[in-house]
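Asks: Handing you this structure, nothing more for now.
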Protein chains: 2
Amino acid sequence: MYRIAVDLQGADNPPEVLADGVIRALADSSDLCVYLCGDKENTEKMFEGKGVDMKRLIIVDAPETILNDEDPVAAVGIKKNSSLAVGMGLCKSGDVGAFVTCGATGGIFVTAMKTLERIGSPVLLAELRKADGTPFCIADCGANVDCRAEKLVHFARMGKAYMKALGVENPRISLLSNGAEDGKGNAVTKKANALLREAEGLNFTGNIEGTDILMGTTDVVVCEGFSGNILLKTIEGSVKAVLGEGVAMFEKVSSADDARRDDLYRVFKRLYNQYDYTELGGGVLLGFKAPIIKGHGAATAETVYHIIKNAYALVRNDLIRKIEAEFSE
Amino acid sequence: MYRIAVDLQGADNPPEVLADGVIRALADSSDLCVYLCGDKENTEKMFEGKGVDMKRLIIVDAPETILNDEDPVAAVGIKKNSSLAVGMGLCKSGDVGAFVTCGATGGIFVTAMKTLERIGSPVLLAELRKADGTPFCIADCGANVDCRAEKLVHFARMGKAYMKALGVENPRISLLSNGAEDGKGNAVTKKANALLREAEGLNFTGNIEGTDILMGTTDVVVCEGFSGNILLKTIEGSVKAVLGEGVAMFEKVSSADDARRDDLYRVFKRLYNQYDYTELGGGVLLGFKAPIIKGHGAATAETVYHIIKNAYALVRNDLIRKIEAEFSE
């Protein structure tokens, strides 16, 4: 049985709306057990009469919620029974192997730092799909805005372990820069390139430019959180702009009968889903005893379904053992 | 008459192939005069019998070419009669108001620094189109990889002057960051935000994220060259990936008859052109007595046509006076 703690509090949508994602994930995998951290009474009601196997849905009372507009340090200090504290407590005790939440980012970080044993440096990793449909990841994409070059080697190791957990045998690791040659980059990047060239056990393929990210040349994009965040959000924004506009343009240039338009919408919707990393896998916070998979604040039941599936795969494929191996070598 | 120096040497395609772009631009604007810097004999042959008004095409002998694989400092020192040296000499003497080239980037920088009077800090600006079709620019996109925060205020002023030359009355200026709030960013960005808030005469609208760049919320994106280059290339790469894949997917999901497929290609081709900044306007190097408009190395006659048109608009709309006004205030 693979055990995962799930927190449906603190998102824009109420837990009742998100609960469907849990039900779908449980129905998919008979060896998945969810520890749902939330207000007990309310949570029990949410799942009543939904045909859920209650042996695989354990409700753990967590009556408090850390909100997005609260000061995270203060809120974590006061709300000892928040869904974040309870969920990460289950990670700490080893009852579960991963934690899924759509809650407040600041609260997640502060609670993790306070609660969980560390393995390596904390890094926020995003999983996306390349044009050919295969996954890759960006590490870091916002948790470490300014970095020393040494940190980027840690990110490379985390990314390597993550991609191995997804079944990629010898992940190719690339360093985000403004040019493909080793000499290109800002000061941190140039130094990180040299360190990555020297590092043992990393399949480092050199620098990568923004043009080549989606073209299938790498498995792990290593970068400071500042540029990683720009990379991630620019992919998202560009894809949305092109697809949104494509639909509008098609309507203008086409003599479009309905069937033709339906075709196009289907293509665009598929493309859109492929690049919508928040729907697909969420951000993954690594560097702790258990992976924390974070859906965006505007998460839907669909998002929750996908991020639980992602957490399940990471537990099943022993991500944490792989990270430990990377950092003990 | 608007006078522009054009260099067709040093690109992947030979000058003969690129010459058509010059002919088209001359045909478009009867008040455009091109000073073509190249090997005289060869250049004369290229335009023979093409119906060009030779009063508006002045051939200036420049028998040498600075190549991409040469050390730029050494090459500029030796090749006194390179097309870059001759073209920028015409800018210096005031014979022309702008210089267009698809030559070696390093050679362009070194020649400009050596030859031309400076106004403000050198900045490489890229002009792109937003989803609604209106232009915006990124400053800097690669000339200044690591910057002090003060430089970003210079970039904002250059971008403002540039957008004014394109007819935008009070350009909105935004700072690229990993979050929209003022407190978000790496150390340089946080400091630049504070300086931009204090700066006089700038319509600074705060930070902008990668998701919002193409959505029409700003006219000038200010950033260090490192993140600007990542932004620019990620837009390009994402658009290409989505469009390329869109075609492939359409073929799979669609019962596509030929007319339907033609429609789609037309939509994708238009979208592609809209986002292909190198085809559209090239990179613009500012900070000198004349703007230098650079096409990419793989430029075609179409590229040359577009970048001459862009140079023509910048001269006609008095970009350099607008930059001088920004830096004398």
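Ordering of the structure tokens sets the chain letters (A, B, ...); residue numbers start at 1 within each chain; ligands are numbered from 1 in the order shown.
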Please provide as a list in words all residues within 10 Å of Leu166 in chain A, with the sequence filter that same-chain residues fewer than 4 positions apart are discarded (counting only C-alpha atoms).

Replies: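 After dropping sequence-adjacent residues, the list is Pro135, Phe136, Lys160, Ala161, Tyr162, Asn310, Ala313, Leu314, Asn317, Asp318 and Leu319 of chain A.
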
Asks: Could you name the residues that touch Pro14 in chain B at 10 Å or less, counting only C-alpha atoms, but leaving out those on the same chain fewer than 6 positions away, as a list in words?

Replies: Leu8, Ala299 and Thr300 of chain B

Asks: Kindly export the residues of the current selection with all heavy atoms, as an mmCIF file, in the first residue's frame.

Replies:
```cif
data_model
loop_
_atom_site.group_PDB
_atom_site.id
_atom_site.type_symbol
_atom_site.label_atom_id
_atom_site.label_comp_id
_atom_site.auth_asym_id
_atom_site.auth_seq_id
_atom_site.Cartn_x
_atom_site.Cartn_y
_atom_site.Cartn_z
ATOM 1 N N LEU B 8 25.690 43.533 -45.971
ATOM 2 C CA LEU B 8 25.149 42.196 -46.258
ATOM 3 C C LEU B 8 26.208 41.108 -46.062
ATOM 4 O O LEU B 8 25.956 39.931 -46.352
ATOM 5 C CB LEU B 8 24.605 42.133 -47.688
ATOM 6 C CG LEU B 8 23.486 43.131 -48.035
ATOM 7 C CD1 LEU B 8 23.038 42.950 -49.477
ATOM 8 C CD2 LEU B 8 22.295 42.960 -47.099
ATOM 9 N N ALA B 299 19.895 35.032 -41.522
ATOM 10 C CA ALA B 299 18.972 35.959 -42.197
ATOM 11 C C ALA B 299 18.734 35.581 -43.659
ATOM 12 O O ALA B 299 19.616 35.056 -44.338
ATOM 13 C CB ALA B 299 19.529 37.375 -42.121
ATOM 14 N N THR B 300 17.512 35.846 -44.111
ATOM 15 C CA THR B 300 17.145 35.694 -45.517
ATOM 16 C C THR B 300 16.895 37.085 -46.094
ATOM 17 O O THR B 300 16.958 38.087 -45.380
ATOM 18 C CB THR B 300 15.844 34.893 -45.617
ATOM 19 O OG1 THR B 300 14.815 35.636 -44.929
ATOM 20 C CG2 THR B 300 15.973 33.525 -44.966
#
```

Asks: As a VMD selection string, could you give me every residue of chain B near chain A (at most 6 Å apart, counting only C-alpha atoms)?

Replies: chain B and resid 131 145 to 146 178 186 210 to 211 226 to 227 229 to 230 233 to 238 241 250 254 263 267

Asks: Extract the full set of strand (DSSP E or B) residues from range 144-221 of chain A according to DSSP on the backbone, and format it as a PyMOL selection string.

Replies: chain A and resi 172-176+203-208+220-221

Asks: For CA of Ser328 in chain B and CA of Pro291 in chain B, quote the distance in Å rounded to one decimal.

Replies: 17.9 Å

Asks: Contacts of Ser93 in chain B at 12 Å or less, counting only C-alpha atoms, minus same-chain residues fewer than 6 places along, as a PyMOL selection string?

Replies: chain B and resi 5+86-87+115-117+289-290

Asks: Output the selection as a PDB file, in the first residue's frame - N, CA, C and O atoms for each residue.

Replies:
```
ATOM      1  N   ALA B   5      22.849  52.907 -43.718  1.00  0.00           N
ATOM      2  CA  ALA B   5      23.938  52.049 -44.203  1.00  0.00           C
ATOM      3  C   ALA B   5      23.538  50.588 -44.022  1.00  0.00           C
ATOM      4  O   ALA B   5      22.957  50.226 -42.990  1.00  0.00           O
ATOM      5  N   VAL B  86      33.258  50.343 -42.118  1.00  0.00           N
ATOM      6  CA  VAL B  86      32.833  51.339 -43.113  1.00  0.00           C
ATOM      7  C   VAL B  86      31.419  51.837 -42.789  1.00  0.00           C
ATOM      8  O   VAL B  86      31.144  53.040 -42.784  1.00  0.00           O
ATOM      9  N   GLY B  87      30.527  50.912 -42.467  1.00  0.00           N
ATOM     10  CA  GLY B  87      29.143  51.293 -42.155  1.00  0.00           C
ATOM     11  C   GLY B  87      29.060  52.177 -40.920  1.00  0.00           C
ATOM     12  O   GLY B  87      28.358  53.200 -40.915  1.00  0.00           O
ATOM     13  N   THR B 115      34.260  52.943 -32.602  1.00  0.00           N
ATOM     14  CA  THR B 115      33.996  53.951 -33.617  1.00  0.00           C
ATOM     15  C   THR B 115      33.046  55.056 -33.151  1.00  0.00           C
ATOM     16  O   THR B 115      33.237  56.225 -33.483  1.00  0.00           O
ATOM     17  N   LEU B 116      32.010  54.677 -32.415  1.00  0.00           N
ATOM     18  CA  LEU B 116      30.881  55.598 -32.251  1.00  0.00           C
ATOM     19  C   LEU B 116      30.835  56.294 -30.893  1.00  0.00           C
ATOM     20  O   LEU B 116      31.169  55.706 -29.868  1.00  0.00           O
ATOM     21  N   GLU B 117      30.395  57.521 -30.934  1.00  0.00           N
ATOM     22  CA  GLU B 117      30.126  58.301 -29.732  1.00  0.00           C
ATOM     23  C   GLU B 117      29.014  57.612 -28.946  1.00  0.00           C
ATOM     24  O   GLU B 117      28.074  57.088 -29.530  1.00  0.00           O
ATOM     25  N   LYS B 289      25.652  56.780 -31.243  1.00  0.00           N
ATOM     26  CA  LYS B 289      25.159  57.936 -31.999  1.00  0.00           C
ATOM     27  C   LYS B 289      24.110  57.552 -33.052  1.00  0.00           C
ATOM     28  O   LYS B 289      23.363  58.410 -33.541  1.00  0.00           O
ATOM     29  N   ALA B 290      24.093  56.283 -33.438  1.00  0.00           N
ATOM     30  CA  ALA B 290      23.091  55.808 -34.409  1.00  0.00           C
ATOM     31  C   ALA B 290      22.629  54.429 -33.958  1.00  0.00           C
ATOM     32  O   ALA B 290      23.409  53.670 -33.372  1.00  0.00           O
TER      33      ALA B 290
END
```

Asks: Of the candidates B:Ala325, B:Val168, B:Ala11, B:Val220, which shows the shortest atom-to-atom distance to Glu127 in chain B, using only C-alpha atoms?

Replies: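 Closest to Glu127 in chain B, using only C-alpha atoms: B:Val220.
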